[in-house]
$ cat coords_10.txt   # compact mmCIF, C-alpha atoms and all ligand atoms
# COMPACT_ATOMS: atom_id res chain seq x y z
CA MET L 1 62.84 13.87 31.71
CA VAL L 2 66.31 15.38 31.95
CA VAL L 3 68.20 16.18 28.75
CA GLY L 4 71.97 16.55 28.73
CA VAL L 5 73.60 19.33 26.74
CA LEU L 6 77.26 18.87 25.88
CA ALA L 7 78.81 21.97 27.45
CA LEU L 8 82.39 22.05 26.23
CA GLN L 9 82.06 25.01 23.87
CA GLY L 10 79.45 26.76 21.75
CA SER L 11 75.76 27.47 22.24
CA PHE L 12 75.01 25.15 25.16
CA ASN L 13 73.41 27.93 27.25
CA GLU L 14 70.99 28.72 24.42
CA HIS L 15 69.96 25.07 24.15
CA ILE L 16 69.38 24.81 27.90
CA ALA L 17 67.29 28.00 27.73
CA ALA L 18 65.28 26.59 24.78
CA LEU L 19 64.61 23.38 26.74
CA LYS L 20 63.47 25.45 29.71
CA ARG L 21 61.00 27.32 27.49
CA VAL L 22 59.29 24.02 26.66
CA GLY L 23 59.36 22.84 30.28
CA VAL L 24 62.27 20.39 30.03
CA LYS L 25 65.24 20.40 32.38
CA GLY L 26 68.59 20.59 30.59
CA VAL L 27 71.85 19.82 32.36
CA GLU L 28 75.39 20.64 31.30
CA ILE L 29 77.55 17.63 30.42
CA ARG L 30 81.31 17.98 30.75
CA LYS L 31 82.43 14.65 32.16
CA PRO L 32 81.83 11.06 30.99
CA ASP L 33 79.95 9.91 34.12
CA GLN L 34 77.46 12.80 33.83
CA LEU L 35 76.03 11.06 30.75
CA GLN L 36 74.66 8.28 32.93
CA SER L 37 72.09 10.57 34.50
CA VAL L 38 70.46 11.75 31.25
CA LYS L 39 68.05 10.03 28.86
CA ALA L 40 68.83 12.16 25.82
CA LEU L 41 71.62 14.44 24.67
CA ILE L 42 71.97 17.64 22.65
CA ILE L 43 75.29 18.52 21.06
CA PRO L 44 75.16 22.26 20.35
CA GLY L 45 76.53 24.44 17.60
CA GLY L 46 79.93 26.03 17.99
CA GLU L 47 83.21 24.98 16.44
CA SER L 48 83.62 21.27 15.96
CA THR L 49 87.43 21.16 15.86
CA THR L 50 87.64 22.95 19.22
CA MET L 51 84.84 20.82 20.61
CA ALA L 52 86.67 17.65 19.51
CA LYS L 53 89.88 18.79 21.19
CA LEU L 54 88.03 19.50 24.43
CA ALA L 55 86.15 16.18 24.23
CA GLU L 56 89.46 14.40 23.81
CA TYR L 57 90.98 16.33 26.73
CA HIS L 58 88.07 15.33 28.98
CA ASN L 59 88.12 11.73 27.70
CA LEU L 60 84.50 12.02 26.58
CA PHE L 61 84.61 10.17 23.25
CA PRO L 62 84.15 6.59 24.56
CA ALA L 63 81.15 7.58 26.73
CA LEU L 64 79.60 9.67 23.92
CA ARG L 65 80.00 6.80 21.43
CA ASP L 66 78.43 4.36 23.92
CA PHE L 67 75.52 6.77 24.42
CA VAL L 68 74.88 6.89 20.68
CA LYS L 69 75.31 3.11 20.27
CA MET L 70 72.76 2.47 23.01
CA GLY L 71 70.20 4.14 20.72
CA LYS L 72 69.44 6.99 23.10
CA PRO L 73 68.11 10.13 21.38
CA VAL L 74 70.88 12.52 20.35
CA TRP L 75 70.31 15.87 18.65
CA GLY L 76 73.14 17.60 16.81
CA THR L 77 72.96 21.27 15.94
CA CYS L 78 75.52 22.44 13.40
CA ALA L 79 78.91 21.60 14.98
CA GLY L 80 76.97 18.95 16.92
CA LEU L 81 75.77 17.46 13.65
CA ILE L 82 79.37 17.41 12.36
CA PHE L 83 80.31 15.57 15.55
CA LEU L 84 77.61 12.94 14.96
CA ALA L 85 78.41 12.35 11.29
CA ASP L 86 80.20 9.18 10.26
CA LYS L 87 82.39 11.19 7.90
CA ALA L 88 83.43 14.86 7.68
CA ILE L 89 85.33 16.68 4.98
CA GLY L 90 86.91 20.13 5.02
CA GLU L 91 88.41 19.48 8.42
CA ALA L 92 90.75 22.02 9.98
CA LYS L 93 92.93 19.46 11.73
CA ILE L 94 95.56 17.68 9.64
CA GLY L 95 94.67 14.00 9.46
CA GLY L 96 91.05 14.80 10.30
CA GLN L 97 89.30 15.51 13.56
CA GLU L 98 87.77 12.94 15.83
CA LEU L 99 84.03 12.37 15.45
CA ILE L 100 81.48 10.54 17.57
CA GLY L 101 79.83 9.09 14.49
CA GLY L 102 76.60 7.12 14.40
CA LEU L 103 74.69 9.24 11.88
CA ASN L 104 75.28 7.68 8.49
CA CYS L 105 76.14 10.78 6.49
CA THR L 106 79.01 12.79 5.08
CA VAL L 107 79.20 16.45 6.06
CA HIS L 108 81.24 19.33 4.73
CA ARG L 109 82.21 21.42 7.76
CA ASN L 110 81.93 24.89 6.24
CA PHE L 111 79.84 24.13 3.20
CA PHE L 112 78.26 27.59 2.92
CA GLY L 113 81.48 29.56 3.33
CA SER L 114 83.01 31.65 6.05
CA GLN L 115 81.44 33.41 9.06
CA ILE L 116 80.49 36.49 7.00
CA GLN L 117 78.42 34.25 4.73
CA SER L 118 76.18 33.22 7.60
CA PHE L 119 72.50 33.79 6.92
CA VAL L 120 68.94 33.05 7.93
CA ALA L 121 66.29 31.36 5.80
CA GLU L 122 62.75 30.06 6.13
CA LEU L 123 62.55 26.29 5.93
CA SER L 124 59.50 24.21 5.24
CA ILE L 125 59.40 20.98 7.29
CA PRO L 126 55.91 19.54 6.62
CA GLU L 127 56.43 16.33 8.66
CA ILE L 128 57.06 18.32 11.83
CA VAL L 129 54.10 20.65 11.21
CA ALA L 130 51.86 17.61 10.60
CA LYS L 131 52.99 15.97 13.84
CA GLU L 132 53.33 18.94 16.13
CA GLY L 133 51.47 21.85 14.58
CA GLY L 134 53.04 25.29 14.75
CA PRO L 135 53.86 27.77 11.99
CA PRO L 136 54.21 26.43 8.42
CA SER L 137 57.82 27.53 8.09
CA PHE L 138 60.81 27.26 10.38
CA HIS L 139 63.12 30.23 10.90
CA GLY L 140 66.54 28.69 10.42
CA VAL L 141 69.87 30.28 11.28
CA PHE L 142 73.00 29.14 9.42
CA ILE L 143 76.16 30.28 11.14
CA ARG L 144 79.18 29.04 9.16
CA ALA L 145 76.97 26.06 8.61
CA PRO L 146 77.86 22.58 7.45
CA GLY L 147 76.16 20.90 4.51
CA ILE L 148 75.17 17.27 4.40
CA LEU L 149 76.51 15.88 1.15
CA GLU L 150 75.37 12.27 1.40
CA VAL L 151 73.10 10.23 3.65
CA GLY L 152 72.70 6.49 4.13
CA PRO L 153 69.41 4.75 3.25
CA GLU L 154 68.24 4.60 6.88
CA VAL L 155 68.46 8.40 7.32
CA GLU L 156 65.18 10.30 7.04
CA VAL L 157 65.64 13.68 5.37
CA LEU L 158 63.20 16.22 6.81
CA ALA L 159 64.04 19.19 4.61
CA GLU L 160 66.10 19.79 1.52
CA VAL L 161 67.26 23.18 0.25
CA PRO L 162 69.16 24.41 -2.80
CA ALA L 163 72.89 24.87 -2.42
CA PRO L 164 74.69 28.09 -3.40
CA SER L 165 75.26 28.06 -7.16
CA ASP L 166 79.01 28.71 -6.80
CA GLN L 167 79.52 25.80 -4.46
CA THR L 168 82.42 23.75 -5.84
CA THR L 169 82.96 21.10 -3.19
CA LYS L 170 80.17 18.77 -4.19
CA SER L 171 81.08 15.60 -6.02
CA ASP L 172 78.34 16.01 -8.61
CA PRO L 173 78.07 19.62 -9.87
CA ALA L 174 74.81 18.78 -11.64
CA ASP L 175 73.17 18.14 -8.30
CA GLU L 176 71.84 21.55 -7.25
CA SER L 177 70.75 20.69 -3.74
CA VAL L 178 72.15 19.72 -0.39
CA GLU L 179 70.23 17.77 2.19
CA MET L 180 69.70 19.06 5.70
CA VAL L 181 69.03 16.47 8.36
CA ASN L 182 68.48 16.62 12.08
CA GLU L 183 69.18 20.31 12.48
CA THR L 184 65.84 21.42 13.73
CA SER L 185 66.76 24.13 16.21
CA GLN L 186 69.13 26.54 14.59
CA GLU L 187 70.01 25.64 11.06
CA ALA L 188 68.57 26.25 7.62
CA SER L 189 69.87 27.09 4.20
CA SER L 190 69.69 29.53 1.34
CA SER L 191 69.64 29.28 -2.39
CA THR L 192 71.87 31.68 -4.27
CA SER L 193 75.43 32.83 -3.78
CA LEU L 194 75.77 34.68 -0.53
CA SER L 195 77.23 38.04 0.35
CA SER L 196 77.40 40.15 3.49
CA GLU L 197 74.05 41.61 2.34
CA ASP L 198 72.55 38.22 3.12
CA LEU L 199 73.61 38.39 6.73
CA LYS L 200 70.38 39.29 8.45
CA LEU L 201 70.99 38.12 11.98
CA SER L 202 69.22 40.40 14.42
CA GLU L 203 71.90 39.91 17.04
CA PRO L 204 75.34 38.30 16.96
CA PRO L 205 75.64 34.65 17.98
CA LYS L 206 76.62 34.10 21.59
CA TYR L 207 79.48 31.72 22.20
CA GLU L 208 80.65 30.66 25.61
CA LEU L 209 84.23 30.12 26.68
CA PRO L 210 85.02 26.54 27.68
CA VAL L 211 84.82 25.84 31.40
CA PHE L 212 87.21 23.35 32.92
CA GLN L 213 86.08 21.72 36.15
CA GLN L 214 88.30 18.85 37.16
N1 LIG T 301 77.56 27.13 13.77
C1 LIG T 301 78.38 26.10 13.83
O1 LIG T 301 78.27 25.24 14.72
C2 LIG T 301 79.49 26.08 12.84
C3 LIG T 301 80.23 24.77 12.76
C4 LIG T 301 81.56 24.94 12.08
N2 LIG T 301 81.42 25.04 10.66
C5 LIG T 301 82.46 23.79 12.47
O2 LIG T 301 83.22 23.34 11.74
O3 LIG T 301 82.45 23.35 13.55

$ encode --input "coords_10.txt" --output "structure tokens" --more "lines below"
Ligand SMILES: NC(=O)CC[C@H](N)C(=O)O
Amino acid sequence: MVVGVLALQGSFNEHIAALKRVGVKGVEIRKPDQLQSVKALIIPGGESTTMAKLAEYHNLFPALRDFVKMGKPVWGTCAGLIFLADKAIGEAKIGGQELIGGLNCTVHRNFFGSQIQSFVAELSIPEIVAKEGGPPSFHGVFIRAPGILEVGPEVEVLAEVPAPSDQTTKSDPADESVEMVNETSQEASSSTSLSSEDLKLSEPPKYELPVFQQ
């Protein structure tokens, strides 16, 4: 099986390398017709406003929306998750940024704060361990990560983690948690307020410059 990886911006190389490690061929997707040759799609982490601008520039939104509507498997990591959400808040672009949609949830783009508040955390995802084995906890990396504030009834939540105690963007301050959905490769969460001390990344994230091939 060949899996497409949206390669406009962000960590697409890392996702292709991760696929290779499990014996799956990943191909870079930059043009609408390239989506026809793949059975599944990964939308990587990066910066969703930039990604949306590039997707618009390359006229990718209609083909991406069709792909999702056809029910083909789509994985969104971080900015990719934002892209797949039906609704995003905290958008950088006035009037909101364009989304693919299809995942019935509301995300806050930078729920956990700025880049310096990025962090790693161990996540327990029992359903995945039960199905696939592997270590009991998942090493999650949150880089200027979004939070999922609300999900629709058809969305299965795999892991839920406490939100930072000083988080003020949630609609119900009594609700101390934020749900994490569909972010199995790179994302996780933490519990208390975060400082630069919490930044325990062993190496800096690698971001690629966009490549334009017309
Ligand atoms: N690591 C990430 O993908 C960060 C996403 C970023 N918060 C955004 O708005 O796109």

$ closest_atom_pairs --input "coords_10.txt" --of "chain L" --to "ligand LIG 301 (chain T)" --cutoff "6 Å" --atoms "all atoms listed in the file" --output "JSON lines"
{"residue": "L:Gly45", "atom": "CA", "partner": "T:LIG301", "partner_atom": "O1", "distance": 3.5}
{"residue": "L:Gly46", "atom": "CA", "partner": "T:LIG301", "partner_atom": "O1", "distance": 3.8}
{"residue": "L:Glu47", "atom": "CA", "partner": "T:LIG301", "partner_atom": "O3", "distance": 3.4}
{"residue": "L:Ser48", "atom": "CA", "partner": "T:LIG301", "partner_atom": "O3", "distance": 3.4}
{"residue": "L:Thr49", "atom": "CA", "partner": "T:LIG301", "partner_atom": "O3", "distance": 5.9}
{"residue": "L:Cys78", "atom": "CA", "partner": "T:LIG301", "partner_atom": "O1", "distance": 4.1}
{"residue": "L:Ala79", "atom": "CA", "partner": "T:LIG301", "partner_atom": "O1", "distance": 3.7}
{"residue": "L:Arg109", "atom": "CA", "partner": "T:LIG301", "partner_atom": "O2", "distance": 4.5}
{"residue": "L:Asn110", "atom": "CA", "partner": "T:LIG301", "partner_atom": "N2", "distance": 4.5}
{"residue": "L:Ile143", "atom": "CA", "partner": "T:LIG301", "partner_atom": "N1", "distance": 4.3}
{"residue": "L:Arg144", "atom": "CA", "partner": "T:LIG301", "partner_atom": "C2", "distance": 4.7}
{"residue": "L:Ala145", "atom": "CA", "partner": "T:LIG301", "partner_atom": "C2", "distance": 4.9}
{"residue": "L:Pro146", "atom": "CA", "partner": "T:LIG301", "partner_atom": "N2", "distance": 5.4}

$ atom_distance --input "coords_10.txt" --atom1 "atom CA of Leu60 of chain L" --atom2 "atom CA of Ile148 of chain L"
24.6 Å

$ closest_residue --input "coords_10.txt" --among "L:Val22, L:Glu132, L:Gly140, L:Ala163" --to "Phe112 of chain L" --atoms "all atoms listed in the file"
L:Ala163

$ residues_around --input "coords_10.txt" --residues "Ala63 of chain L" --least-positions-apart "2" --cutoff "8 Å" --atoms "only C-alpha atoms" --output "list in words"
Pro32, Asp33, Leu35, Leu60, Phe61, Arg65, Asp66 and Phe67 of chain L

$ axis_aligned_box --input "coords_10.txt" --around "segment 134-142 of chain L" --padding-each-side "4 Å" --output "lines of an AutoDock Vina configuration file"
center_x = 63.0
center_y = 27.8
center_z = 11.4
size_x = 28.0
size_y = 13.0
size_z = 14.7

$ atom_distance --input "coords_10.txt" --atom1 "atom CA of Lys31 of chain L" --atom2 "atom CA of Pro73 of chain L"
18.5 Å

$ atom_distance --input "coords_10.txt" --atom1 "atom CA of Ile16 of chain L" --atom2 "atom CA of Ser37 of chain L"
15.9 Å

$ residues_near_point --input "coords_10.txt" --point "(87.2, 13.3, 13.1)" --cutoff "10 Å" --atoms "all atoms listed in the file" --output "VMD selection string"
chain L and resid 48 to 49 52 82 to 89 91 to 93 95 to 101

$ residues_around --input "coords_10.txt" --residues "Val27 of chain L" --least-positions-apart "6" --cutoff "8 Å" --atoms "all atoms listed in the file" --output "list in words"
Val2, Val3, Gly4, Val5 and Ile16 of chain L
